[in-house]
Amino acid sequence: MLWFAVHLPWLSLEAFVATLGAEQRQRPVALLADHRVQAVNATAAQAGVQTGLKRATALALAADLLCGQADATRDAQALQAVVHAALAFTPAVAVDGHTVLLEVASCLRYFGGADALLRRLRSALAPLGHRVQIAGAATALGAALLARWRDDLADGPQRSQLAALQQLLDRAPVWLLGPGREHWEALQGMGLRHLGDLLRLPRAGLARRFGEDLLDDLDRARGTRPDPRVWLTAPERFRCRLELAMRADHAEQVLHGAALLLAQLVAWAQARRARVRAFTLCMHHEARYRPDAPTPAATELRIELAEPAVDGTHLQGLLRERLARVQLAAPTLELQLHCHELALQEAPNAELFPTRHSDQLGLLRLIERLSARLGDEQVQRLQPVADHRPERASRTLPALSTLTGAAAVTARVTATATASTGDWPLTRPVWLLPDPLPLAERQAMPLLEGRPLQLLVGPERIESGWWDADLATRDYFIAQAMDGALVWVYRARLPVTDETQPLWFLQGRFG
Amino acid sequence: MPADSAQRLFPDLPDLPDLPDLPDRPDWPALPAAAPQPGLPDLEHLHPALWRAHQVGRQRDAVWASGFATLDAELPGGGWPARALTELLLPHPGIGEIRLLAPVLAAVQRGGRSVMLFDPPAALCAWALASLGLDLTQLVLVRPRDGLQDRARALPPAADILWALEQSLKSGHVGALLAWPGPRLRPDALRRLQLAAQAHDGPAFLFRELQAQARPSAAPLRLLLASAGPDELALRIVKRRGPPLLQPLLLPLAPVLSAPARARALRDVLLPVADAAMPACAEAAEHD
């Protein structure tokens with residue numbers, strides 16, 4: 001058996017820093033417990049704030065110190081995200097305090113060796129933003145102790161051998177064990193500093209003096225007693241929340257917190273071996289910040305992907321663009337991210353050289369990005385409609401709704417309707433004005449920009465639309481303007497009741 | 001200074017030797033002839049990016065055939081350039097520019113890639129595009145946000161289009177791009193688009209107004225279009241890798257008029273339309 005232990009020594013501090021905004025992270029930050037400093041970040045450490053100082057002393061050393069309290073639920077959620085990231089590598093994952101244990105002996109061959117596995121583990125944990133200490137050993141508790149002790153024991157020699165582990169543990173300090181930390185003063189007074197010292201004493205006396213737990217932990221760490229663990233699994237639905245330290249008035253200010261939640265979502269999706277199809281970000285408004293009753297309790301932002309993906313950068317880009325377009329009804333203090341729509345099939349194989357399939361996928365992602373920023377209605381496709389009225393003969397549809405992932409890739413409509421090879425003249429102009437432009441008249445002939453048009457082809461009578469109260473009775477002509485360009489004009493065949501009503505209109509230009 | 005005066009002022013100076021007379025210009029050796037000497041390679045064939053100023057250059061990357069043989073003969077490389085912007089300057093939309101580009105767009109779509117249009121100046125007729133040979137399922141239109149509706153971001157619509165253009169050029173999965181960037185396109189924005197176009201494996205066309213001719217541009221190919229009568233386009237190459245084209249090219253477009261209608265049009269037109277449409281082209285060619 002080979003165990004890797006991932007220890008997060010500053011988990012509480014990092015979980016607290018995740019709730020802060022971008023500009024507040026640059027300030028010195030300290031975590032307090034019982035009015036004493038428990039953990040500090042690098043900026044505060046440079047200012048001289050250390051663990052164990054009183055709150056007043058710390059504030060005197062760094063005037064702009066941000067103080068926070070540790071929150072057990074927040075820590076548990078952050079640890080859960082690390083567990084999900086570990087579940088992508090092995091199904092045997094357990095937790096021991098602030099340490100995540102992975103049993104990787106069975107999957108070493110799949111990942112190509114312990115070093116390659118460690119590299120991938122570190123890169124998978126990087127987006128979560130924690131400082132980790134990783135150690136490897138033959139027993140679970142032994143690996144946990146080594147990870148808590150030092151950072152450079154991940155690739156130590158003979159890490160899968162029990163004898164080497166026992167020799168290393170003999171030199172480890174006693175306060176690594178939980179019971180050892182409680183009795184540290186007494187043990188130190190007796191001159192017992194290392195675990196090897198404990199082994200030389202009679203076991204019955206140690207048990208009577210310091211309790212069975214100390215010996216129990218020591219035996220499990222050395223491998224002389226079995227250590228069964230309960231394996232953890234990823235939940236079916238993803239639901240996590242983040243409370244911001246400062247209230248956010250604009251949607252851009254929640255970007256940091258939302259990005260962290262998204263990193264946790266990606267870790268969970270990878271643990272489930274699935275790809276995300278859609279997720280929802282809820283920004284809750286507190287009652288006291290809502291100015292009036294009709295303001296909703298939460299602003300929901302739902303992001304659906306045309307092609308299920310688990311790519312962190314792509315999801316972050318989409319979220320950033322969509323957040324920029326959202327307007328918050330009221331300031332928000334709490335974010336929640338839900339996801340229960342997954343695609344459980346394996347992703348199609350990526351190809352080394354660009355092919356038609358990868359081009360289509362790349363185009364799909366580009367259209368998703370453009371739609372996220374400009375809006376779904378602004379990225380369009382054209383569709384011809386069988387209607388003689390020119391303003392209704394084409395319809396624009398949002399491009400994302402016409403693409404459905406696999407359907408767009410496989411089913412290619414290759415036949416074009418009425419493709420002309422140049423033998424027959426074109427009958428319709430490429431450019432159509434959205435509203436027909438009324439033209440001035442002189443001697444019953446239309447004028448464009450003050451110059452007479454020369455009517456060349458016509459009239460083409462279009463009389464259609466009596467069924468939906470939009471009757472169009474028009475005579476269409478192809479005319480040539482003075483500079484040689486061809487335009488499409490029509491004369492309305494309405495019963496003329498008003499002499500001042502224009503009769504000639506410009507409908508389009510032949511581009 | 002004459003030698004005798006020098007001797008008067010500085011009597012101890014030694015005599016300077018006489019300088020030889022410079023030969024007259026006709027005696028200087030002649031410049032090397034244009035024909036290459038045997039055994040040495042042509043300089044312009046050393047690298048595809050080299051070209052002599054009096055010749056039309058070649059294109060380093062692939063070119064896309066325009067579908068018009070006379071035009072291909074005048075374009076560097078023999079077609080529309082890939083990985084670079086092409087500027088088309090028009091007096092107004094609707095003189096035949098889409099019919100000019102229809103062959104290359106249809107070829108791009110037959111290769112399996114899509115055509116994207118950015119902020120076209122008017123609505124498009126789907127039947128007209130289909131009859132020009134384009135596949136509507138591989139056509140995407142991008143329009144800017146309406147500034148009044150979206151108050152969350154107070155960006156002007158032109159910035160939206162430039163951002164979308166840059167993203168599409170950089171993605172490298174789009175086949176061809178047609179863009180109408182608007183009247184006030186800054187030269188640094190154009191430069192940025194030209195740099196982004198180097199990742200784009202197909203033709204990219206920018207449609208601009210005639211007044212942009214006087215302003216410098218980073219696009220390596222600039223064409224001036226004007227209508228030369230029904231179903232005919234007069235085209236001048238203002239900037240290319242090579243000498244600017246002095247005579248306008250007349251290209252026959254996909255016909256809109258039938259033959260009798262065309263004859264009727266030509267009979268009744270009094271002005272020679274080609275010269276009247278381009279009054280200032282002679283001066284512009286000297287500036288570039």
# chains A, B, ... in the order shown; residues from 1 in each chain; ligands from 1
$ interface_residues --of "chain A" --to "chain B" --cutoff "7 Å" --atoms "only C-alpha atoms" --output "number ranges by chain"
A: 325-327, 356, 359, 362-363, 366, 370, 374, 378-384, 394, 416-420, 422, 425-434, 456-457, 483-486, 509-511
$ select_by_dssp --residues "segment 348-489 of chain A" --states "strand (DSSP E)" --output "JSON, numbers by chain"
{"A": [379, 380, 381, 382, 383, 384, 394, 395, 396, 397, 398, 431, 432, 433, 434, 435, 436, 437, 438, 440, 441, 442, 445, 446, 447, 448, 451, 452, 454, 455, 456, 457, 458, 459, 460, 461, 462, 463, 464, 472, 473, 474, 475, 476, 477, 478, 479, 480, 486, 487, 488, 489]}
$ residues_around --residues "Arg373 of chain A" --least-positions-apart "4" --cutoff "9 Å" --atoms "only C-alpha atoms" --output "compact mmCIF listing (two decimals) with N, CA and C atoms, in the first residue's frame"
# COMPACT_ATOMS: atom_id res chain seq x y z
N LEU A 318 -16.70 32.20 -19.62
CA LEU A 318 -18.14 32.37 -19.80
C LEU A 318 -18.76 33.07 -18.60
N ARG A 320 -17.32 35.05 -16.46
CA ARG A 320 -16.89 36.44 -16.37
C ARG A 320 -17.70 37.31 -17.32
N GLU A 321 -17.91 36.82 -18.56
CA GLU A 321 -18.64 37.63 -19.52
C GLU A 321 -20.10 37.78 -19.11
N ARG A 322 -20.69 36.69 -18.61
CA ARG A 322 -22.10 36.79 -18.23
C ARG A 322 -22.27 37.66 -16.99
N ALA A 324 -20.55 40.20 -16.21
CA ALA A 324 -20.40 41.60 -16.59
C ALA A 324 -21.72 42.17 -17.09
N ARG A 325 -22.62 41.32 -17.57
CA ARG A 325 -23.88 41.83 -18.10
C ARG A 325 -24.98 41.84 -17.06
N GLU A 368 -20.09 30.44 -28.20
CA GLU A 368 -20.52 30.53 -26.80
C GLU A 368 -19.92 31.76 -26.14
N ARG A 369 -18.64 32.00 -26.40
CA ARG A 369 -17.99 33.16 -25.78
C ARG A 369 -18.61 34.45 -26.28
N ASP B 160 -17.50 46.54 -29.17
CA ASP B 160 -17.98 45.16 -29.15
C ASP B 160 -17.55 44.43 -30.39
$ select_by_dssp --residues "segment 101-284 of chain B" --states "helix (DSSP H, G or I)" --output "ChimeraX atom specification"
/B:101-110,126-131,136-138,157-171,187-199,210-214,259-268,273-277,281-284
$ residues_around --residues "Ala92 of chain A" --least-positions-apart "6" --cutoff "6 Å" --atoms "only C-alpha atoms" --output "PDB file with N, CA and C atoms, in the first residue's frame"
ATOM      1  N   LEU A 102      -4.774   9.762   0.372  1.00  0.00           N
ATOM      2  CA  LEU A 102      -5.090   9.045  -0.868  1.00  0.00           C
ATOM      3  C   LEU A 102      -4.306   7.737  -0.873  1.00  0.00           C
ATOM      4  N   GLU A 103      -4.995   6.669  -1.192  1.00  0.00           N
ATOM      5  CA  GLU A 103      -4.316   5.376  -1.322  1.00  0.00           C
ATOM      6  C   GLU A 103      -4.140   5.116  -2.807  1.00  0.00           C
ATOM      7  N   TRP A 231     -13.966   5.292   3.100  1.00  0.00           N
ATOM      8  CA  TRP A 231     -13.706   6.055   1.888  1.00  0.00           C
ATOM      9  C   TRP A 231     -14.814   7.069   1.659  1.00  0.00           C
TER      10      TRP A 231
END
$ residues_around --residues "Pro459 of chain A" --least-positions-apart "5" --cutoff "6 Å" --atoms "only C-alpha atoms" --output "ChimeraX atom specification"
/A:475-477
$ atom_distance --atom1 "atom CA of Ala386 of chain A" --atom2 "atom CA of Leu105 of chain B"
24.5 Å
$ residues_around --residues "Ser106 of chain A" --least-positions-apart "3" --cutoff "10 Å" --atoms "only C-alpha atoms" --output "PDB file with N, CA and C atoms, in the first residue's frame"
ATOM      1  N   MET A   1       0.853  -1.191   0.000  1.00  0.00           N
ATOM      2  CA  MET A   1       0.000   0.000   0.000  1.00  0.00           C
ATOM      3  C   MET A   1       0.886   1.238   0.000  1.00  0.00           C
ATOM      4  N   LEU A   2       0.465   2.196  -0.756  1.00  0.00           N
ATOM      5  CA  LEU A   2       1.191   3.476  -0.790  1.00  0.00           C
ATOM      6  C   LEU A   2       0.187   4.570  -0.538  1.00  0.00           C
ATOM      7  N   THR A  90      -8.032   8.676  -7.447  1.00  0.00           N
ATOM      8  CA  THR A  90      -8.201   7.358  -6.859  1.00  0.00           C
ATOM      9  C   THR A  90      -9.520   7.332  -6.110  1.00  0.00           C
ATOM     10  N   PRO A  91     -10.198   6.181  -6.085  1.00  0.00           N
ATOM     11  CA  PRO A  91     -11.445   6.143  -5.327  1.00  0.00           C
ATOM     12  C   PRO A  91     -11.238   6.006  -3.826  1.00  0.00           C
ATOM     13  N   ALA A  92     -10.007   5.755  -3.396  1.00  0.00           N
ATOM     14  CA  ALA A  92      -9.738   5.523  -1.970  1.00  0.00           C
ATOM     15  C   ALA A  92      -9.208   6.811  -1.367  1.00  0.00           C
ATOM     16  N   GLU A 103      -4.995   6.669  -1.192  1.00  0.00           N
ATOM     17  CA  GLU A 103      -4.316   5.376  -1.322  1.00  0.00           C
ATOM     18  C   GLU A 103      -4.140   5.116  -2.807  1.00  0.00           C
ATOM     19  N   ARG A 109       0.232   2.596 -11.815  1.00  0.00           N
ATOM     20  CA  ARG A 109       0.590   2.221 -13.183  1.00  0.00           C
ATOM     21  C   ARG A 109      -0.174   3.047 -14.202  1.00  0.00           C
ATOM     22  N   TYR A 110      -1.423   3.389 -13.882  1.00  0.00           N
ATOM     23  CA  TYR A 110      -2.236   4.168 -14.801  1.00  0.00           C
ATOM     24  C   TYR A 110      -1.647   5.560 -14.998  1.00  0.00           C
TER      25      TYR A 110
END
$ closest_residue --among "A:Val266, A:Ala164, A:Ala144, A:Leu79" --to "Leu176 of chain A" --atoms "only C-alpha atoms"
A:Ala144
$ atom_distance --atom1 "atom CA of Leu43 of chain B" --atom2 "atom CA of Ser217 of chain B"
28.0 Å
$ atom_distance --atom1 "atom CA of Phe205 of chain B" --atom2 "atom CA of Leu352 of chain A"
29.4 Å
